[in-house]
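Beneath this line is the structure, given in structure tokens, with notes to follow.
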Protein chains: 2
Amino acid sequence: MDKLVPLRMSTELNTSQPSLLTSLKERGVRPTRQRTAVYQCILTKRDHPTADDILSRVRHILPTISFATVYNCLETLVSCGLVRQVNFDRSPSRYCPNLSPHAHFKCEKTGEIFDLKLNDSLVHAIKDALPPGFVAENFDLTFNGSHLSQN
Amino acid sequence: MDKLVPLRMSTELNTSQPSLLTSLKERGVRPTRQRTAVYQCILTKRDHPTADDILSRVRHILPTISFATVYNCLETLVSCGLVRQVNFDRSPSRYCPNLSPHAHFKCEKTGEIFDLKLNDSLVHAIKDALPPGFVAENFDLTFNGSHLSQN
DNA sequence: ATTTAAAATTAGAATAATTCCATTTTTCTT
DNA sequence: AAGAAAAATGGAATTATTCTAATTTTAAAT
């Protein structure tokens with residue numbers, strides 16, 4: 001498959017959740033059962049699952065789906081800009097359907113990953129950190145720390 | 001070896017380059033020939049080398065050094081806060097001796113990685129993106145894009 | 001200077017996430 | 001229904017990194 005150019009940047013504002021069908025068809029990518037199921041998994045439980053997590057979840061719906069297919073589907077969804085791939089250091093990639101501009105926070109105690117909304121002014125300020133001659137397609141902002149759940 | 005607590009955060013301002021000997025001794029970590037050589041390699045050619053790059057460079061000085069040792073040394077240097085580990089997606093980790101607050105920009109055309117200085121106000125603004133209850137030890141900001149070298 | 005114990009280095013095996021490959025299946029178009 | 005293109009599949013391959021067990025080096029104590 002050719003590498004697809006995402007229509008949206010990971011840091012671009014996007015309020016309306018685009019439908020899978022629309023987004024895939026726009027690019028002549030077939031909305032197969034596997035792709036639909038993988039996407040639904042990511043949308044339903046938004047806990048930044050790994051490919052491994054996704055495989056076991058999606059197998060409840062499509063018991064014979066393979067690892068290779070999960071990776072293929074994820075690649076397609078990321079290329080289409082429907083899903084963001086989230087990496088913390090070199091741990092397994094995680095997948096996130098939130099397309100609005102946000103950073104990621106990983107709690108070192110629980111391993112939980114949180115989306116942190118970035119407001120427009122910060123997004124602008126970050127882009128302004130680029131000196132002349134540097135043109136960015138996207139940026140990633142990740143935090144490591146601890147999340148104090150107030151009980 | 002126990003996990004070391006870095007004295008400095010990756011995002012903390014640090015003008016004086018700390019000496020290897022001082023930083024290691026402060027923590028009771030032995031300044032071996034291998035560690036010294038690995039650190040020198042990273043300092044000398046600041047092109048964000050991978051462990052593989054470092055192995056071949058350091059072998060000019062210590063021809064028998066092993067891969068395991070390079071990884072061990074890098075782990076120690078990172079734990080001591082003398083070196084930052086830089087990750088872009090899931091490609092091999094790169095190593096950076098620049099301890100001042102900076103982001104990383106990867107040129108998709110050339111693969112080059114650039115340090116981008118972050119001024120204090122932006123560092124503050126980024127930390128302010130954390131909602132109450134989130135305490136970050138550090139953050140990483142990475143850009144992907146293209147670098148237009150003006151000729 | 002020797003001895004000793006802890007720490008560090010080493011080579012090679014092991015691990016694990018991801019990608020590749022060759023084949024089969026599905027899907028679209030005619 | 002047939003043919004062609006795309007996608008899915010299982011398993012093998014890849015690769016960065018970590019682990020392991022044995023050896024060597026180091027710093028400290030005698």
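The chains in the structure tokens are called A, B, ... from first to last as shown; in each chain the residues are counted from 1, and the ligands are counted from 1 in the order shown.
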
*asked:* Excluding stretch 12-16 of chain C and its own-chain neighbours fewer than 4 positions away, which residues fall within 12 Å of it when counting only C-alpha atoms (C1' of nucleotides)? Please give them as a PyMOL selection string.
replied: (chain A and resi 52+90-92) or (chain B and resi 66-68) or (chain D and resi 14-22)

Restrict the selected residues to C-alpha atoms (C1' of nucleotides) and save them as a PDB file, in the first residue's frame.
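The resulting again.pdb:
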```pdb
ATOM      1  CA  ASP A  52      -1.562  -6.500  21.735  1.00  0.00           C
ATOM      2  CA  ARG A  90      10.614   2.683  23.407  1.00  0.00           C
ATOM      3  CA  SER A  91       7.689   0.943  24.993  1.00  0.00           C
ATOM      4  CA  PRO A  92       5.073  -0.606  22.702  1.00  0.00           C
TER       5      PRO A  92
ATOM      6  CA  SER B  66      31.056  -4.731  23.694  1.00  0.00           C
ATOM      7  CA  PHE B  67      27.540  -3.762  22.793  1.00  0.00           C
ATOM      8  CA  ALA B  68      26.324  -4.664  26.261  1.00  0.00           C
TER       9      ALA B  68
ATOM     10  C1'  DT D  14      14.216  -8.792  11.829  1.00  0.00           C
ATOM     11  C1'  DT D  15      16.183  -5.831  15.177  1.00  0.00           C
ATOM     12  C1'  DA D  16      16.878  -2.951  19.120  1.00  0.00           C
ATOM     13  C1'  DT D  17      17.498  -3.984  23.494  1.00  0.00           C
ATOM     14  C1'  DT D  18      17.960  -6.762  27.759  1.00  0.00           C
ATOM     15  C1'  DC D  19      19.470 -10.649  30.234  1.00  0.00           C
ATOM     16  C1'  DT D  20      22.740 -14.130  31.972  1.00  0.00           C
ATOM     17  C1'  DA D  21      26.582 -16.215  33.703  1.00  0.00           C
ATOM     18  C1'  DA D  22      31.388 -15.923  33.730  1.00  0.00           C
TER      19       DA D  22
END
```

Restrict the calculation to only C-alpha atoms (C1' of nucleotides), then for each residue of chain A with any atom at most 12 Å from an atom of chain C give the closest atom pair and their distance in Å to one decimal, rows by chain and rising residue number, as a Markdown table.
```
| residue | atom | partner | partner_atom | distance |
| --- | --- | --- | --- | --- |
| A:Gly28 | CA | C:DC28 | C1' | 11.3 |
| A:Val29 | CA | C:DT27 | C1' | 11.5 |
| A:Arg30 | CA | C:DT27 | C1' | 8.4 |
| A:Pro31 | CA | C:DT27 | C1' | 10.1 |
| A:Thr32 | CA | C:DT27 | C1' | 8.8 |
| A:Arg33 | CA | C:DT26 | C1' | 10.5 |
| A:Gln34 | CA | C:DT26 | C1' | 11.5 |
| A:Thr50 | CA | C:DA17 | C1' | 10.3 |
| A:Ala51 | CA | C:DA17 | C1' | 9.3 |
| A:Asp52 | CA | C:DA17 | C1' | 9.5 |
| A:Phe67 | CA | C:DT18 | C1' | 10.0 |
| A:Ala68 | CA | C:DT19 | C1' | 8.7 |
| A:Thr69 | CA | C:DT19 | C1' | 11.7 |
| A:Val70 | CA | C:DT18 | C1' | 11.4 |
| A:Tyr71 | CA | C:DT18 | C1' | 8.4 |
| A:Asn72 | CA | C:DT19 | C1' | 10.1 |
| A:Glu75 | CA | C:DT18 | C1' | 11.6 |
| A:Arg90 | CA | C:DA17 | C1' | 9.7 |
| A:Ser91 | CA | C:DA17 | C1' | 8.6 |
| A:Pro92 | CA | C:DA17 | C1' | 6.5 |
| A:Ser93 | CA | C:DA17 | C1' | 8.8 |
| A:Arg94 | CA | C:DA17 | C1' | 11.8 |
```

Mind checking DSSP for chain A and telling me the helix (DSSP H, G or I) residues as a compact mmCIF listing (two decimals) with N, CA and C atoms, in the first residue's frame?
```txt
# COMPACT_ATOMS: atom_id res chain seq x y z
N LEU A 20 -15.49 6.68 10.12
CA LEU A 20 -14.54 5.76 9.51
C LEU A 20 -14.81 5.62 8.02
N LEU A 21 -16.07 5.33 7.70
CA LEU A 21 -16.42 5.09 6.30
C LEU A 21 -16.01 6.26 5.42
N THR A 22 -16.39 7.45 5.85
CA THR A 22 -16.07 8.63 5.05
C THR A 22 -14.57 8.76 4.85
N SER A 23 -13.86 8.68 5.95
CA SER A 23 -12.42 8.92 5.87
C SER A 23 -11.71 7.89 5.01
N LEU A 24 -12.13 6.65 5.13
CA LEU A 24 -11.48 5.62 4.31
C LEU A 24 -11.84 5.80 2.85
N LYS A 25 -13.12 6.02 2.59
CA LYS A 25 -13.55 6.12 1.19
C LYS A 25 -12.91 7.31 0.48
N GLU A 26 -12.77 8.40 1.22
CA GLU A 26 -12.09 9.57 0.65
C GLU A 26 -10.76 9.20 0.02
N ARG A 33 -14.15 -5.38 7.37
CA ARG A 33 -14.63 -5.70 8.72
C ARG A 33 -13.52 -5.53 9.74
N GLN A 34 -12.32 -5.95 9.35
CA GLN A 34 -11.20 -5.86 10.29
C GLN A 34 -10.89 -4.42 10.66
N ARG A 35 -10.85 -3.57 9.67
CA ARG A 35 -10.54 -2.16 9.94
C ARG A 35 -11.63 -1.52 10.80
N THR A 36 -12.86 -1.84 10.48
CA THR A 36 -13.96 -1.28 11.26
C THR A 36 -13.88 -1.74 12.71
N ALA A 37 -13.62 -3.02 12.88
CA ALA A 37 -13.58 -3.57 14.24
C ALA A 37 -12.41 -2.97 15.04
N VAL A 38 -11.26 -2.87 14.40
CA VAL A 38 -10.10 -2.29 15.09
C VAL A 38 -10.41 -0.85 15.49
N TYR A 39 -10.99 -0.12 14.58
CA TYR A 39 -11.30 1.27 14.89
C TYR A 39 -12.32 1.38 16.02
N GLN A 40 -13.33 0.53 15.98
CA GLN A 40 -14.33 0.54 17.04
C GLN A 40 -13.70 0.26 18.41
N CYS A 41 -12.80 -0.71 18.44
CA CYS A 41 -12.10 -1.02 19.69
C CYS A 41 -11.41 0.19 20.27
N ILE A 42 -10.74 0.93 19.40
CA ILE A 42 -9.98 2.09 19.87
C ILE A 42 -10.91 3.19 20.34
N LEU A 43 -12.04 3.32 19.62
CA LEU A 43 -13.00 4.37 19.98
C LEU A 43 -13.73 4.05 21.27
N THR A 44 -14.05 2.77 21.46
CA THR A 44 -14.94 2.39 22.55
C THR A 44 -14.28 2.56 23.91
N ALA A 51 -1.06 -2.63 20.47
CA ALA A 51 -1.51 -3.54 19.41
C ALA A 51 -1.96 -4.86 20.02
N ASP A 52 -1.23 -5.27 21.03
CA ASP A 52 -1.56 -6.50 21.73
C ASP A 52 -2.94 -6.42 22.41
N ASP A 53 -3.17 -5.33 23.12
CA ASP A 53 -4.49 -5.09 23.72
C ASP A 53 -5.58 -5.15 22.66
N ILE A 54 -5.31 -4.47 21.55
CA ILE A 54 -6.31 -4.37 20.50
C ILE A 54 -6.60 -5.75 19.92
N LEU A 55 -5.54 -6.53 19.71
CA LEU A 55 -5.75 -7.88 19.19
C LEU A 55 -6.71 -8.65 20.08
N SER A 56 -6.47 -8.62 21.38
CA SER A 56 -7.33 -9.46 22.22
C SER A 56 -8.75 -8.91 22.30
N ARG A 57 -8.90 -7.60 22.26
CA ARG A 57 -10.25 -7.05 22.27
C ARG A 57 -11.01 -7.33 20.99
N VAL A 58 -10.31 -7.17 19.88
CA VAL A 58 -11.01 -7.30 18.60
C VAL A 58 -11.35 -8.76 18.32
N PHE A 67 -2.43 -10.99 14.14
CA PHE A 67 -1.60 -9.87 14.58
C PHE A 67 -1.21 -8.98 13.41
N ALA A 68 -0.81 -9.63 12.33
CA ALA A 68 -0.39 -8.86 11.15
C ALA A 68 -1.50 -7.94 10.70
N THR A 69 -2.73 -8.44 10.74
CA THR A 69 -3.85 -7.61 10.29
C THR A 69 -4.08 -6.44 11.24
N VAL A 70 -3.96 -6.70 12.53
CA VAL A 70 -4.11 -5.59 13.47
C VAL A 70 -3.08 -4.51 13.16
N TYR A 71 -1.85 -4.92 12.95
CA TYR A 71 -0.82 -3.93 12.61
C TYR A 71 -1.13 -3.25 11.28
N ASN A 72 -1.58 -4.02 10.31
CA ASN A 72 -1.94 -3.41 9.02
C ASN A 72 -3.06 -2.40 9.20
N CYS A 73 -4.08 -2.77 9.92
CA CYS A 73 -5.22 -1.86 10.12
C CYS A 73 -4.77 -0.59 10.84
N LEU A 74 -3.98 -0.77 11.87
CA LEU A 74 -3.50 0.39 12.62
C LEU A 74 -2.71 1.31 11.71
N GLU A 75 -1.87 0.72 10.90
CA GLU A 75 -1.06 1.53 9.99
C GLU A 75 -1.97 2.35 9.06
N THR A 76 -3.01 1.68 8.57
CA THR A 76 -3.94 2.36 7.68
C THR A 76 -4.66 3.49 8.40
N LEU A 77 -5.14 3.20 9.60
CA LEU A 77 -5.88 4.22 10.35
C LEU A 77 -4.99 5.40 10.71
N VAL A 78 -3.74 5.12 11.06
CA VAL A 78 -2.81 6.21 11.37
C VAL A 78 -2.52 7.01 10.10
N SER A 79 -2.27 6.30 9.00
CA SER A 79 -1.99 7.00 7.74
C SER A 79 -3.16 7.87 7.30
N CYS A 80 -4.35 7.41 7.57
CA CYS A 80 -5.54 8.17 7.23
C CYS A 80 -5.78 9.35 8.17
N ASP A 120 -5.19 26.70 22.05
CA ASP A 120 -4.61 27.23 20.82
C ASP A 120 -3.37 28.08 21.06
N SER A 121 -3.40 28.86 22.14
CA SER A 121 -2.26 29.76 22.34
C SER A 121 -0.99 28.97 22.62
N LEU A 122 -1.12 27.87 23.36
CA LEU A 122 0.08 27.05 23.61
C LEU A 122 0.54 26.38 22.33
N VAL A 123 -0.41 25.88 21.55
CA VAL A 123 -0.03 25.27 20.27
C VAL A 123 0.74 26.27 19.42
N HIS A 124 0.26 27.50 19.41
CA HIS A 124 0.98 28.53 18.65
C HIS A 124 2.36 28.79 19.22
N ALA A 125 2.42 28.90 20.54
CA ALA A 125 3.72 29.18 21.17
C ALA A 125 4.72 28.07 20.88
N ILE A 126 4.22 26.83 20.87
CA ILE A 126 5.12 25.71 20.57
C ILE A 126 5.62 25.79 19.13
N LYS A 127 4.70 26.08 18.23
CA LYS A 127 5.12 26.18 16.83
C LYS A 127 6.09 27.34 16.63
```

_Å distance separating atom CA of B:Leu148 from atom CA of B:Ser100, one decimal place_ =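 A separation of 24.5 Å between them.
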
Show me which bits of chain A are within 8 Å of chain B, counting only C-alpha atoms, as an mmCIF file with N, CA and C atoms, in the first residue's frame.
```cif
data_model
loop_
_atom_site.group_PDB
_atom_site.id
_atom_site.type_symbol
_atom_site.label_atom_id
_atom_site.label_comp_id
_atom_site.auth_asym_id
_atom_site.auth_seq_id
_atom_site.Cartn_x
_atom_site.Cartn_y
_atom_site.Cartn_z
ATOM 1 N N VAL A 86 0.900 6.733 19.689
ATOM 2 C CA VAL A 86 1.496 7.416 20.839
ATOM 3 C C VAL A 86 2.660 6.586 21.358
ATOM 4 N N ASN A 87 3.807 7.200 21.443
ATOM 5 C CA ASN A 87 4.983 6.467 21.920
ATOM 6 C C ASN A 87 5.567 7.125 23.150
ATOM 7 N N ASP A 89 8.989 6.703 25.120
ATOM 8 C CA ASP A 89 10.295 6.078 25.008
ATOM 9 C C ASP A 89 10.197 4.932 24.008
ATOM 10 N N ARG A 90 10.672 3.754 24.383
ATOM 11 C CA ARG A 90 10.614 2.683 23.407
ATOM 12 C C ARG A 90 9.625 1.590 23.820
ATOM 13 N N SER A 93 3.973 0.803 21.086
ATOM 14 C CA SER A 93 3.129 1.907 20.643
ATOM 15 C C SER A 93 1.715 1.748 21.155
ATOM 16 N N LEU A 116 -4.018 15.366 27.594
ATOM 17 C CA LEU A 116 -4.063 16.714 28.163
ATOM 18 C C LEU A 116 -4.364 17.695 27.041
ATOM 19 N N LYS A 117 -5.472 18.362 27.168
ATOM 20 C CA LYS A 117 -5.886 19.332 26.151
ATOM 21 C C LYS A 117 -4.862 20.456 26.040
ATOM 22 N N LEU A 118 -4.558 20.836 24.814
ATOM 23 C CA LEU A 118 -3.655 21.974 24.611
ATOM 24 C C LEU A 118 -4.460 23.102 23.999
ATOM 25 N N LEU A 122 -1.120 27.867 23.361
ATOM 26 C CA LEU A 122 0.078 27.053 23.608
ATOM 27 C C LEU A 122 0.545 26.377 22.328
ATOM 28 N N ALA A 125 2.424 28.896 20.539
ATOM 29 C CA ALA A 125 3.717 29.176 21.172
ATOM 30 C C ALA A 125 4.717 28.070 20.878
ATOM 31 N N ILE A 126 4.224 26.829 20.868
ATOM 32 C CA ILE A 126 5.121 25.706 20.571
ATOM 33 C C ILE A 126 5.616 25.788 19.134
ATOM 34 N N ALA A 129 8.415 28.055 18.530
ATOM 35 C CA ALA A 129 9.759 27.667 18.971
ATOM 36 C C ALA A 129 10.624 27.243 17.787
ATOM 37 N N LEU A 130 10.003 27.044 16.634
ATOM 38 C CA LEU A 130 10.765 26.630 15.454
ATOM 39 C C LEU A 130 11.493 27.827 14.849
ATOM 40 N N PRO A 131 12.796 27.739 14.717
ATOM 41 C CA PRO A 131 13.539 28.832 14.076
ATOM 42 C C PRO A 131 13.231 28.864 12.581
ATOM 43 N N GLY A 133 13.413 28.333 8.755
ATOM 44 C CA GLY A 133 13.987 27.215 8.013
ATOM 45 C C GLY A 133 13.495 25.862 8.491
ATOM 46 N N PHE A 134 12.815 25.843 9.623
ATOM 47 C CA PHE A 134 12.279 24.585 10.126
ATOM 48 C C PHE A 134 10.772 24.557 9.931
ATOM 49 N N VAL A 135 10.301 23.599 9.166
ATOM 50 C CA VAL A 135 8.871 23.476 8.900
ATOM 51 C C VAL A 135 8.411 22.141 9.467
ATOM 52 N N ALA A 136 7.519 22.204 10.447
ATOM 53 C CA ALA A 136 7.089 20.977 11.112
ATOM 54 C C ALA A 136 5.738 20.529 10.583
ATOM 55 N N GLU A 137 5.609 19.239 10.382
ATOM 56 C CA GLU A 137 4.308 18.683 10.027
ATOM 57 C C GLU A 137 3.483 18.411 11.266
ATOM 58 N N ASN A 138 4.168 18.058 12.323
ATOM 59 C CA ASN A 138 3.464 17.791 13.568
ATOM 60 C C ASN A 138 4.455 17.839 14.719
ATOM 61 N N PHE A 139 3.922 17.843 15.910
ATOM 62 C CA PHE A 139 4.802 17.733 17.070
ATOM 63 C C PHE A 139 4.159 16.791 18.073
ATOM 64 N N ASP A 140 4.985 16.269 18.944
ATOM 65 C CA ASP A 140 4.493 15.421 20.028
ATOM 66 C C ASP A 140 5.021 15.947 21.334
ATOM 67 N N LEU A 141 4.120 16.044 22.280
ATOM 68 C CA LEU A 141 4.492 16.521 23.611
ATOM 69 C C LEU A 141 4.063 15.464 24.618
ATOM 70 N N THR A 142 5.037 14.944 25.347
ATOM 71 C CA THR A 142 4.730 13.891 26.320
ATOM 72 C C THR A 142 5.317 14.255 27.675
ATOM 73 N N PHE A 143 4.573 13.915 28.693
ATOM 74 C CA PHE A 143 5.002 14.143 30.070
ATOM 75 C C PHE A 143 5.123 12.802 30.781
ATOM 76 N N ASN A 144 6.099 12.700 31.659
ATOM 77 C CA ASN A 144 6.167 11.579 32.597
ATOM 78 C C ASN A 144 6.027 12.135 33.997
ATOM 79 N N GLY A 145 5.273 11.468 34.817
ATOM 80 C CA GLY A 145 5.146 11.963 36.176
ATOM 81 C C GLY A 145 4.204 11.114 36.976
ATOM 82 N N SER A 146 3.599 11.736 37.965
ATOM 83 C CA SER A 146 2.633 10.962 38.721
ATOM 84 C C SER A 146 1.336 11.739 38.829
ATOM 85 N N HIS A 147 0.278 10.988 38.813
ATOM 86 C CA HIS A 147 -1.058 11.561 38.827
ATOM 87 C C HIS A 147 -1.644 11.321 40.207
ATOM 88 N N LEU A 148 -1.933 12.406 40.891
ATOM 89 C CA LEU A 148 -2.473 12.296 42.241
ATOM 90 C C LEU A 148 -3.979 12.271 42.158
ATOM 91 N N SER A 149 -4.539 11.078 42.243
ATOM 92 C CA SER A 149 -6.003 10.992 42.241
ATOM 93 C C SER A 149 -6.510 11.389 43.618
ATOM 94 N N GLN A 150 -7.331 12.437 43.672
ATOM 95 C CA GLN A 150 -7.809 12.946 44.964
ATOM 96 C C GLN A 150 -9.007 12.130 45.437
#
```

Coordinates of chain A after Cα superposition on chain B, as a compact mmCIF listing (two decimals) with C-alpha atoms, in the first residue's frame:
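Result saved to result07.txt:
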```txt
# COMPACT_ATOMS: atom_id res chain seq x y z
CA MET A 1 22.84 -1.43 39.66
CA ASP A 2 20.20 0.57 41.46
CA LYS A 3 18.20 3.04 39.45
CA LEU A 4 19.76 6.44 39.96
CA VAL A 5 17.80 9.59 40.49
CA PRO A 6 19.02 12.29 38.13
CA LEU A 7 19.99 15.46 39.87
CA ARG A 8 18.74 17.50 36.97
CA MET A 9 15.60 17.30 34.93
CA SER A 10 15.91 17.21 31.18
CA THR A 11 14.05 20.48 31.02
CA GLU A 12 15.98 22.28 33.72
CA LEU A 13 18.26 25.14 32.92
CA ASN A 14 21.91 24.18 33.11
CA THR A 15 24.57 26.39 31.70
CA SER A 16 27.73 24.87 33.19
CA GLN A 17 28.58 21.56 31.57
CA PRO A 18 29.21 19.27 34.52
CA SER A 19 32.28 17.10 34.32
CA LEU A 20 31.92 13.39 33.94
CA LEU A 21 34.19 12.66 36.87
CA THR A 22 32.32 14.94 39.22
CA SER A 23 28.91 13.71 38.24
CA LEU A 24 29.80 10.06 38.50
CA LYS A 25 31.67 10.40 41.76
CA GLU A 26 28.81 12.32 43.32
CA ARG A 27 26.82 9.12 42.98
CA GLY A 28 29.50 6.59 43.81
CA VAL A 29 29.56 5.44 40.18
CA ARG A 30 32.99 4.45 38.94
CA PRO A 31 34.46 6.49 36.13
CA THR A 32 35.68 3.57 34.07
CA ARG A 33 37.52 3.86 30.78
CA GLN A 34 34.45 2.63 28.97
CA ARG A 35 32.15 5.20 30.50
CA THR A 36 34.60 7.99 29.86
CA ALA A 37 35.07 6.95 26.25
CA VAL A 38 31.34 6.63 25.59
CA TYR A 39 30.71 10.02 27.10
CA GLN A 40 33.51 11.60 25.09
CA CYS A 41 32.05 10.16 21.89
CA ILE A 42 28.70 11.73 22.60
CA LEU A 43 30.25 15.06 23.53
CA THR A 44 32.65 15.25 20.61
CA LYS A 45 30.30 14.71 17.70
CA ARG A 46 26.95 16.01 18.79
CA ASP A 47 24.89 14.44 16.07
CA HIS A 48 22.59 12.37 18.28
CA PRO A 49 24.21 9.01 17.62
CA THR A 50 22.51 5.67 18.19
CA ALA A 51 24.01 2.97 20.40
CA ASP A 52 25.24 1.38 17.22
CA ASP A 53 26.95 4.59 16.09
CA ILE A 54 28.51 4.95 19.51
CA LEU A 55 29.81 1.40 19.49
CA SER A 56 31.65 1.88 16.24
CA ARG A 57 33.05 5.26 17.26
CA VAL A 58 34.18 4.18 20.68
CA ARG A 59 35.88 1.12 19.25
CA HIS A 60 38.46 3.41 17.71
CA ILE A 61 39.59 4.07 21.27
CA LEU A 62 38.64 0.84 23.01
CA PRO A 63 38.64 -1.80 20.30
CA THR A 64 37.24 -4.56 22.49
CA ILE A 65 34.29 -2.77 24.02
CA SER A 66 31.07 -4.73 23.68
CA PHE A 67 27.55 -3.75 22.78
CA ALA A 68 26.33 -4.67 26.23
CA THR A 69 28.85 -2.30 27.75
CA VAL A 70 27.82 0.54 25.48
CA TYR A 71 24.23 0.02 26.58
CA ASN A 72 25.30 -0.23 30.21
CA CYS A 73 27.33 2.96 29.98
CA LEU A 74 24.53 4.81 28.27
CA GLU A 75 22.10 3.68 30.92
CA THR A 76 24.44 4.96 33.60
CA LEU A 77 25.00 8.29 31.89
CA VAL A 78 21.27 8.78 31.36
CA SER A 79 20.53 7.81 34.96
CA CYS A 80 23.12 10.29 36.14
CA GLY A 81 21.50 13.00 34.08
CA LEU A 82 24.60 13.61 31.98
CA VAL A 83 23.01 12.44 28.77
CA ARG A 84 19.49 12.57 27.41
CA GLN A 85 17.94 9.68 25.58
CA VAL A 86 16.04 10.91 22.54
CA ASN A 87 13.34 8.84 20.91
CA PHE A 88 11.47 9.44 17.72
CA ASP A 89 8.59 7.03 17.44
CA ARG A 90 10.07 3.58 17.76
CA SER A 91 13.31 4.10 15.93
CA PRO A 92 16.55 3.32 17.77
CA SER A 93 17.25 5.59 20.71
CA ARG A 94 19.65 8.43 20.21
CA TYR A 95 21.81 10.14 22.78
CA CYS A 96 22.31 13.81 23.44
CA PRO A 97 24.67 15.58 25.86
CA ASN A 98 22.80 18.90 25.71
CA LEU A 99 21.27 19.38 29.13
CA SER A 100 19.73 22.77 28.55
CA PRO A 101 15.99 22.85 27.89
CA HIS A 102 15.45 22.02 24.29
CA ALA A 103 13.17 20.19 21.90
CA HIS A 104 14.18 17.90 19.04
CA PHE A 105 13.42 18.29 15.39
CA LYS A 106 13.85 15.45 12.95
CA CYS A 107 14.16 16.27 9.29
CA GLU A 108 12.25 13.65 7.35
CA LYS A 109 14.34 14.20 4.27
CA THR A 110 17.81 13.82 5.74
CA GLY A 111 17.12 12.09 9.05
CA GLU A 112 19.13 14.79 10.79
CA ILE A 113 18.15 15.72 14.31
CA PHE A 114 18.40 19.29 15.54
CA ASP A 115 18.26 20.72 19.03
CA LEU A 116 15.80 23.58 19.32
CA LYS A 117 16.34 25.89 22.24
CA LEU A 118 13.27 26.45 24.40
CA ASN A 119 13.09 29.71 26.22
CA ASP A 120 11.96 29.89 29.82
CA SER A 121 8.57 31.34 29.06
CA LEU A 122 7.69 28.45 26.75
CA VAL A 123 8.95 25.93 29.28
CA HIS A 124 6.67 27.55 31.82
CA ALA A 125 3.73 27.62 29.45
CA ILE A 126 4.20 23.93 28.72
CA LYS A 127 4.33 23.05 32.38
CA ASP A 128 1.17 25.10 32.87
CA ALA A 129 -0.63 22.77 30.49
CA LEU A 130 -0.69 20.26 33.35
CA PRO A 131 -4.03 20.25 35.16
CA PRO A 132 -4.12 20.09 38.97
CA GLY A 133 -3.09 16.68 40.25
CA PHE A 134 -0.54 16.08 37.51
CA VAL A 135 3.08 16.39 38.57
CA ALA A 136 5.62 15.96 35.80
CA GLU A 137 9.25 15.06 36.27
CA ASN A 138 10.07 15.93 32.72
CA PHE A 139 8.60 16.43 29.31
CA ASP A 140 9.69 15.70 25.78
CA LEU A 141 8.83 17.80 22.79
CA THR A 142 9.62 16.47 19.34
CA PHE A 143 8.91 17.81 15.89
CA ASN A 144 8.87 16.03 12.56
CA GLY A 145 9.24 18.03 9.42
CA SER A 146 11.68 19.28 6.91
CA HIS A 147 14.61 21.56 7.32
CA LEU A 148 15.18 23.99 4.49
CA SER A 149 18.89 24.61 4.35
CA GLN A 150 19.28 27.98 2.61
CA ASN A 151 22.00 27.73 -0.03
```
